[in-house]
Structure formats: C-alpha cells, structure tokens
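Trainee: My structure is in entry.cif, and what it holds is mmCIF, C-alpha atoms and all ligand atoms:
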data_run
loop_
_atom_site.label_atom_id
_atom_site.label_comp_id
_atom_site.auth_asym_id
_atom_site.auth_seq_id
_atom_site.Cartn_x
_atom_site.Cartn_y
_atom_site.Cartn_z
CA MET A 1 0.00 0.00 0.00
CA ILE A 2 1.20 3.51 -0.81
CA VAL A 3 -0.02 6.34 1.39
CA ALA A 4 0.45 9.89 0.12
CA VAL A 5 0.55 12.58 2.78
CA ALA A 6 -0.48 15.82 1.10
CA SER A 7 -1.59 19.27 2.09
CA GLY A 8 -3.11 22.25 0.34
CA LYS A 9 -0.40 24.52 1.68
CA GLY A 10 3.00 24.27 3.29
CA GLY A 11 3.58 24.39 7.01
CA THR A 12 0.60 22.30 8.10
CA GLY A 13 2.73 19.55 9.59
CA LYS A 14 2.51 17.22 6.61
CA THR A 15 6.10 16.04 6.95
CA THR A 16 5.87 15.40 10.66
CA VAL A 17 2.73 13.34 10.08
CA ALA A 18 4.49 11.34 7.36
CA ALA A 19 7.54 10.78 9.57
CA SER A 20 5.43 9.76 12.56
CA LEU A 21 3.39 7.32 10.52
CA ALA A 22 6.51 5.71 9.09
CA THR A 23 7.99 5.37 12.57
CA ILE A 24 5.01 3.60 14.14
CA TRP A 25 4.26 1.44 11.07
CA ASP A 26 4.19 -2.29 11.75
CA GLY A 27 5.94 -4.20 9.02
CA PRO A 28 8.34 -3.07 6.30
CA VAL A 29 7.82 0.55 5.32
CA LEU A 30 9.60 3.16 3.23
CA GLY A 31 9.46 6.87 3.95
CA VAL A 32 9.61 8.66 0.61
CA ASP A 33 10.22 12.38 0.17
CA LEU A 34 8.62 13.48 -3.09
CA ASP A 35 8.64 17.14 -2.09
CA VAL A 36 11.72 17.45 -4.27
CA GLU A 37 11.80 21.24 -4.27
CA GLU A 38 12.18 21.36 -0.52
CA PRO A 39 12.82 17.88 0.79
CA ASN A 40 12.84 17.77 4.59
CA LEU A 41 11.68 14.30 5.61
CA ASN A 42 15.32 13.54 6.38
CA LEU A 43 15.24 16.20 9.09
CA PHE A 44 12.67 14.13 10.98
CA LEU A 45 13.71 10.58 10.14
CA HIS A 46 17.49 11.17 10.44
CA PRO A 47 18.32 8.40 7.98
CA VAL A 48 21.74 6.90 7.38
CA ILE A 49 22.25 7.40 3.65
CA ALA A 50 23.40 4.24 1.90
CA GLY A 51 23.60 5.53 -1.65
CA SER A 52 22.73 8.28 -4.06
CA GLU A 53 22.77 9.02 -7.76
CA MET A 54 22.17 11.96 -10.06
CA ALA A 55 19.05 11.75 -12.18
CA HIS A 56 19.13 13.02 -15.74
CA MET A 57 16.70 13.68 -18.51
CA THR A 58 17.42 13.24 -22.21
CA VAL A 59 17.49 16.55 -24.05
CA PRO A 60 18.53 17.22 -27.64
CA MET A 61 22.06 18.03 -28.74
CA VAL A 62 22.60 19.29 -32.26
CA GLU A 63 25.51 18.60 -34.53
CA GLU A 64 25.38 21.84 -36.49
CA ALA A 65 27.51 20.50 -39.34
CA LYS A 66 24.72 18.05 -40.22
CA CYS A 67 21.82 20.47 -39.73
CA THR A 68 20.22 21.95 -42.85
CA TYR A 69 18.01 24.34 -40.83
CA CYS A 70 14.94 22.72 -42.32
CA GLY A 71 12.96 23.67 -39.21
CA ALA A 72 11.17 20.34 -38.77
CA CYS A 73 12.34 19.98 -35.16
CA SER A 74 11.34 23.50 -34.22
CA GLU A 75 7.91 23.13 -35.78
CA LEU A 76 7.32 19.93 -33.85
CA CYS A 77 8.43 21.11 -30.44
CA GLN A 78 5.44 22.68 -28.71
CA PHE A 79 7.68 23.84 -25.87
CA LYS A 80 9.98 25.85 -28.13
CA ALA A 81 12.96 24.12 -26.56
CA VAL A 82 14.45 23.85 -30.03
CA SER A 83 14.11 26.72 -32.41
CA VAL A 84 15.47 27.53 -35.86
CA PHE A 85 16.18 31.05 -37.14
CA ASN A 86 17.34 31.26 -40.73
CA GLN A 87 20.82 29.74 -40.41
CA VAL A 88 20.93 29.29 -36.66
CA ILE A 89 19.53 26.53 -34.48
CA LEU A 90 19.03 27.18 -30.77
CA ILE A 91 18.42 24.66 -28.02
CA PHE A 92 16.99 25.67 -24.65
CA PRO A 93 17.67 22.49 -22.68
CA GLU A 94 15.96 23.85 -19.55
CA MET A 95 12.66 24.09 -21.43
CA CYS A 96 12.79 20.61 -22.92
CA HIS A 97 10.27 18.05 -21.67
CA GLY A 98 12.30 15.14 -22.98
CA CYS A 99 9.70 13.74 -25.38
CA GLY A 100 12.37 12.78 -27.91
CA GLY A 101 10.23 13.97 -30.83
CA CYS A 102 12.83 16.26 -32.38
CA MET A 103 15.44 13.50 -32.37
CA ALA A 104 13.05 11.14 -34.12
CA ILE A 105 11.89 13.62 -36.75
CA CYS A 106 15.21 15.13 -37.87
CA PRO A 107 15.78 14.00 -41.47
CA GLU A 108 19.53 14.58 -41.21
CA LYS A 109 20.00 12.71 -37.93
CA ALA A 110 21.61 15.89 -36.65
CA ILE A 111 20.10 15.62 -33.18
CA SER A 112 21.53 13.21 -30.65
CA PRO A 113 20.59 12.64 -27.03
CA GLY A 114 22.28 14.88 -24.47
CA GLN A 115 21.58 15.16 -20.78
CA ARG A 116 20.13 17.65 -18.37
CA GLU A 117 20.72 17.09 -14.69
CA LEU A 118 17.45 16.97 -12.78
CA GLY A 119 18.67 16.44 -9.25
CA GLU A 120 19.80 13.84 -6.79
CA ILE A 121 18.09 10.71 -5.55
CA SER A 122 19.29 9.26 -2.27
CA TRP A 123 18.26 6.31 -0.15
CA GLY A 124 19.09 4.68 3.15
CA ARG A 125 17.55 3.58 6.44
CA ALA A 126 16.37 5.15 9.65
CA GLY A 127 16.18 2.22 12.04
CA ASP A 128 13.45 -0.05 10.71
CA VAL A 129 12.22 2.52 8.24
CA GLY A 130 13.57 2.59 4.72
CA PHE A 131 14.25 6.04 3.27
CA LEU A 132 14.13 7.44 -0.24
CA SER A 133 14.29 11.05 -1.31
CA GLY A 134 14.71 13.31 -4.32
CA ARG A 135 16.29 16.76 -4.29
CA LEU A 136 15.78 19.03 -7.29
CA ARG A 137 18.87 20.70 -8.74
CA ILE A 138 18.85 24.42 -7.97
CA GLY A 139 17.74 26.17 -11.12
CA GLU A 140 15.81 23.18 -12.44
CA ALA A 141 12.30 24.37 -13.29
CA MET A 142 10.42 21.07 -13.54
CA SER A 143 9.78 18.73 -10.62
CA PRO A 144 7.74 15.96 -12.25
CA PRO A 145 10.60 14.39 -14.26
CA LEU A 146 12.70 13.92 -11.11
CA MET A 147 9.64 12.75 -9.18
CA ARG A 148 9.05 10.09 -11.82
CA ARG A 149 12.63 8.87 -11.35
CA VAL A 150 12.14 8.69 -7.57
CA LYS A 151 8.90 6.78 -8.06
CA ALA A 152 10.58 4.33 -10.42
CA ARG A 153 13.17 3.62 -7.73
CA LEU A 154 10.41 3.28 -5.17
CA ASP A 155 8.80 0.58 -7.31
CA GLN A 156 12.14 -1.23 -7.55
CA MET A 157 12.70 -1.02 -3.81
CA LEU A 158 9.18 -2.22 -3.01
CA ALA A 159 9.61 -5.11 -5.43
CA VAL A 160 12.62 -6.26 -3.41
CA THR A 161 11.53 -5.57 0.15
CA GLY A 162 7.76 -5.65 -0.15
CA GLY A 163 5.83 -3.63 2.39
CA ASP A 164 4.28 -0.21 2.28
CA ALA A 165 5.39 3.30 1.47
CA ILE A 166 4.52 6.65 3.02
CA ILE A 167 5.01 9.53 0.64
CA ASP A 168 5.64 13.09 1.76
CA ALA A 169 4.05 14.94 -1.17
CA PRO A 170 4.78 18.52 -2.21
CA PRO A 171 2.34 21.05 -0.72
CA GLY A 172 -0.23 22.74 -2.91
CA VAL A 173 -2.46 21.49 -5.69
CA SER A 174 -0.31 22.09 -8.74
CA CYS A 175 1.13 19.57 -11.16
CA PRO A 176 3.88 18.25 -8.81
CA ALA A 177 1.38 17.68 -5.99
CA VAL A 178 -1.00 15.75 -8.22
CA ASN A 179 1.95 13.84 -9.65
CA ALA A 180 2.96 12.76 -6.15
CA VAL A 181 -0.42 11.46 -5.05
CA MET A 182 -1.70 9.91 -8.26
CA ASP A 183 -0.09 6.49 -7.81
CA SER A 184 -1.04 6.14 -4.15
CA ASP A 185 -3.70 3.90 -2.64
CA VAL A 186 -4.78 6.39 -0.01
CA ILE A 187 -4.42 10.17 0.19
CA LEU A 188 -4.08 11.81 3.56
CA LEU A 189 -4.85 15.53 3.62
CA VAL A 190 -3.16 17.31 6.48
CA THR A 191 -4.56 20.66 7.52
CA GLU A 192 -4.99 23.02 10.40
CA PRO A 193 -8.37 24.44 11.38
CA THR A 194 -7.50 28.07 10.58
CA PRO A 195 -9.23 30.05 7.80
CA PHE A 196 -6.21 29.77 5.47
CA GLY A 197 -5.85 26.12 6.30
CA VAL A 198 -9.50 25.49 5.46
CA TYR A 199 -9.30 27.42 2.20
CA ASP A 200 -6.29 25.47 0.93
CA PHE A 201 -7.76 22.24 2.23
CA LYS A 202 -10.83 22.76 0.06
CA LEU A 203 -8.65 23.40 -2.99
CA ALA A 204 -6.72 20.22 -2.31
CA TRP A 205 -9.91 18.24 -1.86
CA GLU A 206 -11.18 19.58 -5.20
CA ALA A 207 -7.90 18.84 -6.98
CA PHE A 208 -7.54 15.28 -5.71
CA THR A 209 -11.17 14.12 -5.73
CA PRO A 210 -11.16 13.42 -9.50
CA LEU A 211 -8.39 10.87 -8.93
CA GLY A 212 -10.99 8.66 -7.27
CA LYS A 213 -8.73 7.59 -4.40
CA PRO A 214 -9.82 7.01 -0.83
CA MET A 215 -9.06 10.19 1.09
CA GLY A 216 -8.99 11.10 4.74
CA ALA A 217 -8.18 14.21 6.74
CA VAL A 218 -5.69 14.74 9.54
CA ILE A 219 -6.25 17.88 11.55
CA ASN A 220 -3.10 19.28 13.02
CA ARG A 221 -3.09 21.92 15.75
CA ALA A 222 -6.67 20.97 16.57
CA GLY A 223 -8.22 23.51 18.92
CA LEU A 224 -6.97 26.47 16.89
CA GLY A 225 -9.36 28.44 14.72
CA ASN A 226 -12.97 27.43 14.21
CA ASP A 227 -15.10 24.49 13.18
CA ALA A 228 -15.32 25.25 9.44
CA ILE A 229 -13.03 22.36 8.58
CA TYR A 230 -15.20 19.92 10.53
CA ARG A 231 -18.32 21.14 8.77
CA PHE A 232 -16.64 20.82 5.36
CA CYS A 233 -15.51 17.25 6.06
CA ARG A 234 -18.97 16.28 7.27
CA GLU A 235 -20.61 17.81 4.17
CA LYS A 236 -18.27 16.01 1.78
CA GLY A 237 -18.26 12.73 3.66
CA LEU A 238 -14.53 12.99 4.17
CA PRO A 239 -13.47 11.04 7.26
CA ILE A 240 -11.31 12.77 9.86
CA LEU A 241 -8.80 10.08 10.71
CA ALA A 242 -6.77 11.86 13.36
CA GLU A 243 -6.55 15.07 15.33
CA ILE A 244 -3.27 16.27 16.71
CA PRO A 245 -3.80 18.78 19.51
CA TYR A 246 -2.35 22.26 19.47
CA ASP A 247 0.37 21.95 22.03
CA ARG A 248 3.59 23.73 22.85
CA ALA A 249 5.53 20.54 23.47
CA ILE A 250 4.61 19.34 19.97
CA ALA A 251 5.67 22.60 18.36
CA GLU A 252 8.97 22.42 20.17
CA ALA A 253 9.58 18.82 19.20
CA TYR A 254 8.75 19.75 15.62
CA SER A 255 11.26 22.58 15.56
CA ARG A 256 13.92 20.22 16.86
CA GLY A 257 13.20 17.70 14.11
CA ARG A 258 11.76 15.07 16.42
CA VAL A 259 9.09 12.58 15.48
CA ILE A 260 6.01 13.65 17.40
CA ALA A 261 4.60 10.13 17.64
CA ALA A 262 7.51 9.39 19.98
CA LEU A 263 6.66 12.24 22.33
CA SER A 264 4.02 10.58 24.48
CA PRO A 265 2.03 7.35 24.66
CA GLY A 266 -1.07 9.38 23.82
CA LEU A 267 0.39 10.71 20.59
CA GLU A 268 1.74 7.32 19.66
CA ALA A 269 -1.76 5.91 20.12
CA THR A 270 -3.12 8.66 17.84
CA PHE A 271 -0.81 7.56 15.05
CA VAL A 272 -1.41 3.86 15.62
CA THR A 273 -5.14 4.54 15.26
CA LEU A 274 -4.42 6.64 12.18
CA ARG A 275 -2.48 3.74 10.65
CA ASP A 276 -5.38 1.35 11.25
CA GLU A 277 -7.86 3.85 9.83
CA ILE A 278 -5.70 4.21 6.71
CA ARG A 279 -5.66 0.43 6.28
CA ASP A 280 -9.45 0.35 6.57
CA LEU A 281 -9.79 3.14 4.06
CA ALA A 282 -7.54 1.31 1.59
CA LYS A 283 -9.59 -1.87 1.70
CA PRO A 284 -12.40 -1.00 -0.70
CA SER A 285 -9.90 0.15 -3.34
CA ARG A 286 -8.01 -3.09 -2.93
CA SER A 287 -11.05 -5.24 -3.45
CA ARG A 288 -11.99 -3.09 -6.44
CA GLU A 289 -8.55 -3.68 -7.91
CA ALA A 290 -8.89 -7.39 -7.22
CA ALA A 291 -12.21 -7.43 -9.05
CA HIS A 292 -10.57 -5.78 -12.07
CA ALA A 293 -7.58 -8.10 -12.09
CA MET B 1 14.74 48.35 -47.59
CA THR B 2 14.87 48.43 -43.79
CA MET B 3 12.08 46.81 -41.86
CA ILE B 4 11.56 47.03 -38.15
CA ALA B 5 8.94 45.45 -35.90
CA VAL B 6 7.24 47.12 -32.94
CA THR B 7 5.26 45.24 -30.31
CA SER B 8 1.81 46.76 -30.44
CA GLU B 9 -1.53 46.61 -28.70
CA GLY B 10 -3.25 47.01 -32.07
CA PRO B 11 -2.71 47.02 -35.84
CA SER B 12 -1.96 50.70 -36.50
CA LEU B 13 0.82 53.25 -36.00
CA ASP B 14 -1.39 55.04 -33.48
CA ASP B 15 -1.75 52.07 -31.16
CA LEU B 16 0.37 51.89 -28.03
CA VAL B 17 3.56 49.92 -27.83
CA ASP B 18 2.78 46.67 -26.02
CA PRO B 19 5.30 46.51 -23.16
CA ARG B 20 5.57 42.73 -23.43
CA PHE B 21 7.38 40.97 -26.23
CA GLY B 22 6.53 37.25 -26.03
CA ARG B 23 2.96 37.92 -24.99
CA ALA B 24 2.42 41.07 -27.04
CA ALA B 25 -0.92 41.34 -28.82
CA GLY B 26 0.90 41.69 -32.12
CA PHE B 27 3.65 43.35 -34.10
CA VAL B 28 3.44 46.31 -36.43
CA VAL B 29 6.09 45.81 -39.10
CA VAL B 30 7.18 49.11 -40.62
CA ASP B 31 9.13 49.71 -43.80
CA LEU B 32 11.24 52.69 -42.78
CA GLU B 33 11.52 54.10 -46.29
CA THR B 34 7.89 54.03 -47.33
CA MET B 35 6.32 53.88 -43.85
CA ASP B 36 4.15 51.07 -45.20
CA ILE B 37 2.90 48.87 -42.41
CA GLN B 38 1.90 45.29 -41.99
CA TYR B 39 0.41 43.72 -38.85
CA ILE B 40 1.34 40.32 -37.43
CA ASP B 41 -1.03 38.89 -34.87
CA ASN B 42 0.70 37.18 -31.94
CA GLY B 43 -2.34 35.41 -30.47
CA GLN B 44 -0.67 32.09 -31.10
CA SER B 45 2.27 32.93 -28.80
CA GLN B 46 0.09 34.63 -26.20
CA VAL B 47 -1.65 31.41 -25.26
CA MET B 48 1.49 29.28 -25.00
CA ALA B 49 2.32 27.92 -21.56
CA GLN B 50 6.01 28.41 -22.18
CA GLY B 51 8.27 29.54 -25.00
CA ALA B 52 6.11 32.52 -25.98
CA GLY B 53 9.18 34.74 -26.38
CA ILE B 54 10.92 32.24 -28.63
CA GLN B 55 7.81 31.75 -30.72
CA ALA B 56 7.42 35.51 -31.04
CA ALA B 57 11.07 35.79 -32.08
CA GLU B 58 10.41 33.25 -34.82
CA LEU B 59 7.45 35.29 -36.01
CA VAL B 60 9.34 38.56 -36.32
CA ALA B 61 12.37 36.80 -37.81
CA ARG B 62 10.15 35.39 -40.51
CA ALA B 63 8.91 38.91 -41.28
CA GLY B 64 12.50 39.80 -42.19
CA VAL B 65 12.99 42.68 -39.77
CA SER B 66 16.39 43.89 -38.65
CA CYS B 67 15.27 45.50 -35.41
CA LEU B 68 12.57 45.09 -32.78
CA LEU B 69 11.21 47.88 -30.59
CA THR B 70 9.40 46.92 -27.39
CA GLY B 71 9.11 47.31 -23.62
CA TYR B 72 10.77 44.33 -22.03
CA VAL B 73 12.52 41.25 -23.37
CA GLY B 74 13.38 38.16 -21.32
CA PRO B 75 16.70 36.34 -21.63
CA LYS B 76 15.51 33.44 -23.80
CA ALA B 77 13.74 35.71 -26.25
CA PHE B 78 16.80 37.97 -26.31
CA LYS B 79 19.01 35.02 -27.12
CA ALA B 80 16.62 33.95 -29.87
CA LEU B 81 16.41 37.45 -31.36
CA SER B 82 20.18 37.79 -31.31
CA ALA B 83 20.54 34.43 -33.01
CA ALA B 84 18.18 35.68 -35.70
CA GLY B 85 20.33 38.80 -36.11
CA ILE B 86 17.59 41.12 -34.85
CA LYS B 87 18.64 44.13 -32.80
CA VAL B 88 16.49 45.06 -29.82
CA GLY B 89 15.42 48.48 -28.57
CA GLN B 90 13.63 48.24 -25.24
CA ASN B 91 11.93 50.41 -22.57
CA LEU B 92 9.65 52.00 -25.18
CA GLU B 93 6.36 51.27 -23.41
CA GLY B 94 3.97 54.20 -23.05
CA LEU B 95 4.68 55.53 -26.57
CA THR B 96 2.60 55.03 -29.68
CA VAL B 97 4.07 52.80 -32.34
CA ARG B 98 4.56 55.90 -34.52
CA ASP B 99 6.52 57.73 -31.79
CA ALA B 100 8.68 54.70 -31.17
CA VAL B 101 9.48 54.46 -34.87
CA GLU B 102 10.26 58.19 -35.07
CA ARG B 103 12.61 57.87 -32.12
CA PHE B 104 14.34 55.00 -33.80
CA LYS B 105 14.71 56.93 -37.06
CA SER B 106 16.31 59.84 -35.25
CA ASN B 107 18.75 57.49 -33.54
CA GLN B 108 17.32 58.04 -30.08
CA VAL B 109 16.76 54.36 -29.36
CA GLU B 110 19.60 52.62 -27.66
CA ILE B 111 20.27 49.10 -28.92
CA ALA B 112 20.20 46.71 -25.99
CA ALA B 113 23.15 44.53 -25.13
CA ALA B 114 21.14 42.25 -22.87
CA ALA B 115 17.66 41.34 -21.74
CA ASN B 116 16.01 43.76 -19.31
CA ARG B 117 13.73 41.20 -17.72
CA PRO B 118 14.90 38.33 -15.55
CA GLY B 119 14.00 34.86 -16.77
CA ARG B 120 11.59 32.61 -14.94
S1 LIG C 1 15.14 18.82 -38.05
FE1 LIG C 1 17.35 18.38 -38.04
S2 LIG C 1 18.08 19.29 -39.93
FE2 LIG C 1 16.08 20.16 -39.57
S3 LIG C 1 16.50 22.05 -38.45
FE3 LIG C 1 16.16 20.47 -36.93
S4 LIG C 1 18.18 19.68 -36.46
FE4 LIG C 1 18.37 20.82 -38.34
S1 LIG C 2 12.79 16.32 -26.89
FE1 LIG C 2 10.67 17.02 -27.22
S2 LIG C 2 10.45 18.72 -25.77
FE2 LIG C 2 12.65 18.36 -25.98
S3 LIG C 2 13.28 19.76 -27.59
FE3 LIG C 2 12.82 17.79 -28.58
S4 LIG C 2 10.68 17.99 -29.24
FE4 LIG C 2 11.07 19.62 -27.73
#
Starting from the coordinates I provided, produce the structure as structure tokens.
Mentor:
Amino acid sequence: MIVAVASGKGGTGKTTVAASLATIWDGPVLGVDLDVEEPNLNLFLHPVIAGSEMAHMTVPMVEEAKCTYCGACSELCQFKAVSVFNQVILIFPEMCHGCGGCMAICPEKAISPGQRELGEISWGRAGDVGFLSGRLRIGEAMSPPLMRRVKARLDQMLAVTGGDAIIDAPPGVSCPAVNAVMDSDVILLVTEPTPFGVYDFKLAWEAFTPLGKPMGAVINRAGLGNDAIYRFCREKGLPILAEIPYDRAIAEAYSRGRVIAALSPGLEATFVTLRDEIRDLAKPSRSREAAHA
Amino acid sequence: MTMIAVTSEGPSLDDLVDPRFGRAAGFVVVDLETMDIQYIDNGQSQVMAQGAGIQAAELVARAGVSCLLTGYVGPKAFKALSAAGIKVGQNLEGLTVRDAVERFKSNQVEIAAAANRPGR
C-alpha cells in the first residue's frame, strides 16, 4: 500500500505526520520524500544514507555541421525548446520536456541525445524505516521528471523488500502535488483548522477528488481556529482520521526535528489509530482492484 | 529596404507599444523608407504555456525585420532574437508605435546589449 501525505499549503505539519506514521508502522515501510523542491523528511527521520545518484533527462544536442536548418524539429516542439532562425539553431535544454520527438523527426539525424541534470536521488535507512528522497537541482524548473525517477526507484525497492510506502508529497495542488499522489492507494490531507488552512484544504480536496482515491483528513493543531473544517468534512463525507492537539511541546519537538509520535504514549496511540484507519480506508480500493484483475 | 517590428496593442501606428514581447498582442512591421505597415497577430504565442518569447522571435524573424522595438525582453527571447540577427530596442512602453518608430529613425533608441527582464 502507498499512502500519500499531502496538504493544500505548506507548514501544516505534513512532513511530521508522514515521519510519525513511518515510525510507528508495523511491518516493512519506506518513507519517501517526493517534495523534491524542498525535501525535509530527512530532518525528521534522520536516515543513514546508503547511496545516491544523479538523475538526468534526455534533451537534444545538435551537430550543427549536419543540420540543414529545415525547421522540422522546431515546428514539432510545442515547448519551443528547439528553435530555428534562418541559419541558426538554438536549443533551450531547460525548457525541454524530454519527449524525444525532435530526435526522431530530424531527417539529417543531426540531433543526438544529451543530458540535463534533474537532481539527486538518495536512499538509506532510519532504524526499521527505509528512506528514499529526491532533491531538485537548484535552477531546475520542472519537478515531475525527477519525481518520476524517484517513483521508479520506489517501485524497484518495493519489489525487493515488499511492504508499504509513506510519501511526503509537495504542498499545494499544482502539477507536482498531483503527480505525487496519483499512484497512491490512499491520500491523507493534512490541515490546520484556521481560515487559510480550510481554504487550501478545500482546494486540495477539489484537486484530488477526480483521482478517485480514498481520502482522509488529519487535523493538526486541533483547537486552533474554528469548526469550518469539521463542517466541510462532514458535508463532503470525508473522514477525519486523526486530530493532533495544538500543544507547545509538539511545536517544540517539531522545531527540533523530532518525530512527534515518539513524544508521548497518547500521541503514539493517535498515530497507531491513524495507521489502522488508513488500512481500513484502503480496503475498498483493494477489493476493487482485485475485481478488475 | 529596412524593416523594423514594434510590439503593439493594435494594428496601427497610433496604437500603443505593447510593453511585453513574447505575450504582445501583435507586431506592427514598418518599412522605414515608405512607412508602409503590416500587422502580425501574436495570439498564437500569447496562449502558449512556455516559450512565448521564442515563438514571437520566430514570427518577427520570418517577417524579415532587422530591429525590434518593445518594452521588455526576457533572456531566452533575447538570445533567440540575437541568433536571428535582430537588434532590440527596449523600454519603449507608453509611446505610440509611430513615436517609437520616429525615435528609432532619429537614432534616439539605444540598442540593448542584454535582456532587461529576468528569466523565470
Ligand atoms: S530537423 Fe534536423 S536538420 Fe532540420 S532544423 Fe532540426 S536539427 Fe536541423
Ligand atoms: S525532446 Fe521534445 S520537448 Fe525536448 S526539444 Fe525535442 S521535441 Fe522539444
């Protein structure tokens, strides 16, 4: 089972929820940081890194001597990553989406595959919890290609070890966020009951609902703000799987990079219940999959 | 024959210079000798998610101009225009196309050495 921990905005405690869940999980589990623009799951899990590699994407490289400036590549590329002006051909590797179309279409075979560095993928262990993370190269504009590489490695790792994965997804509702949750079995939406929290929570609910995945809410800093979030969840039939109280000790632990599930038996119990609720939530989708298989 | 292009909010010499290049409404192409004009619509580039500046550079390059007058140009578009051998005069927003052209004719437009808009 893959659980994606998402949130309509940053700073709701998404990462601390993901880290806590991974820590109290029973059975093999991988904590995966797909928030590649600002990965910080490592700050909570404190993994020992066993290996890393740079991830690349194939982008075009032109051998100008062979190019006749026919313009076929430029006409094809909807991203304008390759462009022909009279007797000059320009490549903007940072805008390339790596579709390979220009390489295939060039009648002179003037375009060969080059590489653009996307970022680094690293993996390791934090006690019983496996760890996997992507970090986007500074200056790289697109997260999804690196996220896809991280997910491919996740599949490989799960194929070897079995077990479950908890994904720390990027905040927000844009393309990277959807990309992170779309292969999961359950989506956990972490929010806080403040007006901003509720607003972004609604956006996230709207963005992820079309994916047709089981979803549940985790309310962090419960006791703050008002009851709008509870009303919204009730209206939409969205189960609230856990509430983490607003508490100074928790905030402090968070700022020190500690896993909050380890703070007190009460908090540990909250996350154990959350885990069981997630399993329950995943069941219908599993049986549906089984029926399709 | 010297042709220049001016980013424009409309098809005539009396329209205002569109401050944007890649997402300009269109380009008024002026023959400096005859003052004949021709309008190129840029709607196609305006709706692009990315690469609007490069697409726009292709459009004006195809029109055979030697210079472009506009408000701001980003680094990719600047690179593309330079590759096409098109000089760039920028910071001309707020003028009409006609005034921008007159300024150019009287050598009051400085030719830019670099983009004046950071890239995204
Ligand atoms: S398709 Fe090939 S030959 Fe034609 S312009 Fe592109 S690189 Fe040059
Ligand atoms: S690989 Fe695809 S996106 Fe990249 S330059 Fe070629 S056609 Fe454009």
Trainee: Counting only C-alpha atoms, what is within 9 Å of stretch 52-63 of chain B, bar same-chain residues fewer than 2 positions away, as a PyMOL selection string?
Mentor: (chain A and resi 79-81+83-86) or (chain B and resi 3-5+21-24+27+29+40+42+44-50+65-66+68+73-74+76-81+84-86)
Trainee: How would you report the residues lying within 6 Å of ligand LIG 2 (chain C), as a PyMOL selection string, if you count only C-alpha atoms and all ligand atoms?
Mentor: chain A and resi 59-60+77+79+81-82+96-102
Trainee: A:Phe131: which residues within 12 Å, counting only C-alpha atoms, same-chain residues fewer than 2 positions away excluded, as a PyMOL selection string?
Mentor: chain A and resi 18-19+22-23+28-34+40-52+121-129+133-134+150+153-154+157-158+164-168
Trainee: Atom CA of A:Ala217 and atom CA of A:Asp35 are how many Å apart?
Mentor: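 Pair atom CA of A:Ala217 / atom CA of A:Asp35 returns 19.2 Å.
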Trainee: Measuring between all atoms listed in the file, which one of A:Gly8, A:Gly71, A:Gly13, A:Gly212 shows the shortest distance to ligand LIG 1 (chain C)?
Mentor: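 Result for the nearest residue to ligand LIG 1 (chain C): A:Gly71.
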Trainee: Go through the chains and note each residue within 7 Å of ligand LIG 1 (chain C), using all atoms listed in the file, then give the set as a ChimeraX atom specification.
Mentor: /A:62,66-74,84,89,102,105-111
Trainee: Give me the residues within 9 Å of B:Tyr39 as an MDAnalysis selection string, counting all atoms listed in the file and dropping any in the same chain fewer than 6 places off.
Mentor: chainID B and resid 10:12 26:30
Trainee: Interatomic distance between atom CA of A:Met215 and atom CA of A:Asp280?
Mentor: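 Interatomic distance, atom CA of A:Met215 to atom CA of A:Asp280: 11.3 Å.
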Trainee: Counting only C-alpha atoms, which of A:Gln78, A:Phe232, A:Gly225, A:Glu117 gets nearest to chain B?
Mentor: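 Among A:Gln78, A:Phe232, A:Gly225, A:Glu117, it is A:Gln78 that comes nearest to chain B.
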Trainee: Point out the residue among B:Gly89, B:Gly71, B:Gly94, B:Gly64 with the least atom-to-atom distance to chain A, counting all atoms listed in the file.
Mentor: B:Gly64
Trainee: How big is the axis-aligned box, and where does its centre sit, when it encloses all atoms of stretch 6-24 of chain A listed in the file and has 5 Å added on every side, reported in Å to one decimal as lines of an AutoDock Vina configuration file?
Mentor:
center_x = 2.4
center_y = 14.1
center_z = 7.2
size_x = 21.1
size_y = 30.9
size_z = 23.8
Trainee: If we count all atoms listed in the file, what is near A:Ala177 at a cut-off of 10 Å, once residues fewer than 4 positions away on the same chain are taken out, given as a PyMOL selection string?
Mentor: chain A and resi 4+6-8+34-35+143-144+168-173+181-182+204+207-208
Trainee: For chain A, which of B:Ala113, B:Ala83, B:Leu92, B:Val101 is the closest residue, counting all atoms listed in the file?
Mentor: B:Ala83
Trainee: Given the choices B:Ile111, B:Arg98, B:Tyr72, B:Gly51, which gets closest to chain A if the distance is worked out from all atoms listed in the file?
Mentor: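 Smallest distance to chain A is found for B:Gly51.
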Trainee: Under the rule that all atoms listed in the file are counted, which of B:Thr2, B:Gln90, B:Ser8, B:Asn116 is the nearest residue to B:Arg103?
Mentor: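 Of B:Thr2, B:Gln90, B:Ser8, B:Asn116, the one nearest B:Arg103 is B:Gln90, counting all atoms listed in the file.
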Trainee: Find the distance between atom CA of A:Leu267 and atom CA of A:Val3 and write it in Å to one decimal.
Mentor: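 These two atoms are separated by 19.7 Å.
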Trainee: Can you tell me which residues surround B:Glu93 at a distance of at most 8 Å, considering all atoms listed in the file, apart from same-chain residues fewer than 5 positions away, and format the answer as JSON, numbers by chain?
Mentor: {"B": [16, 17, 18, 19, 70, 71]}
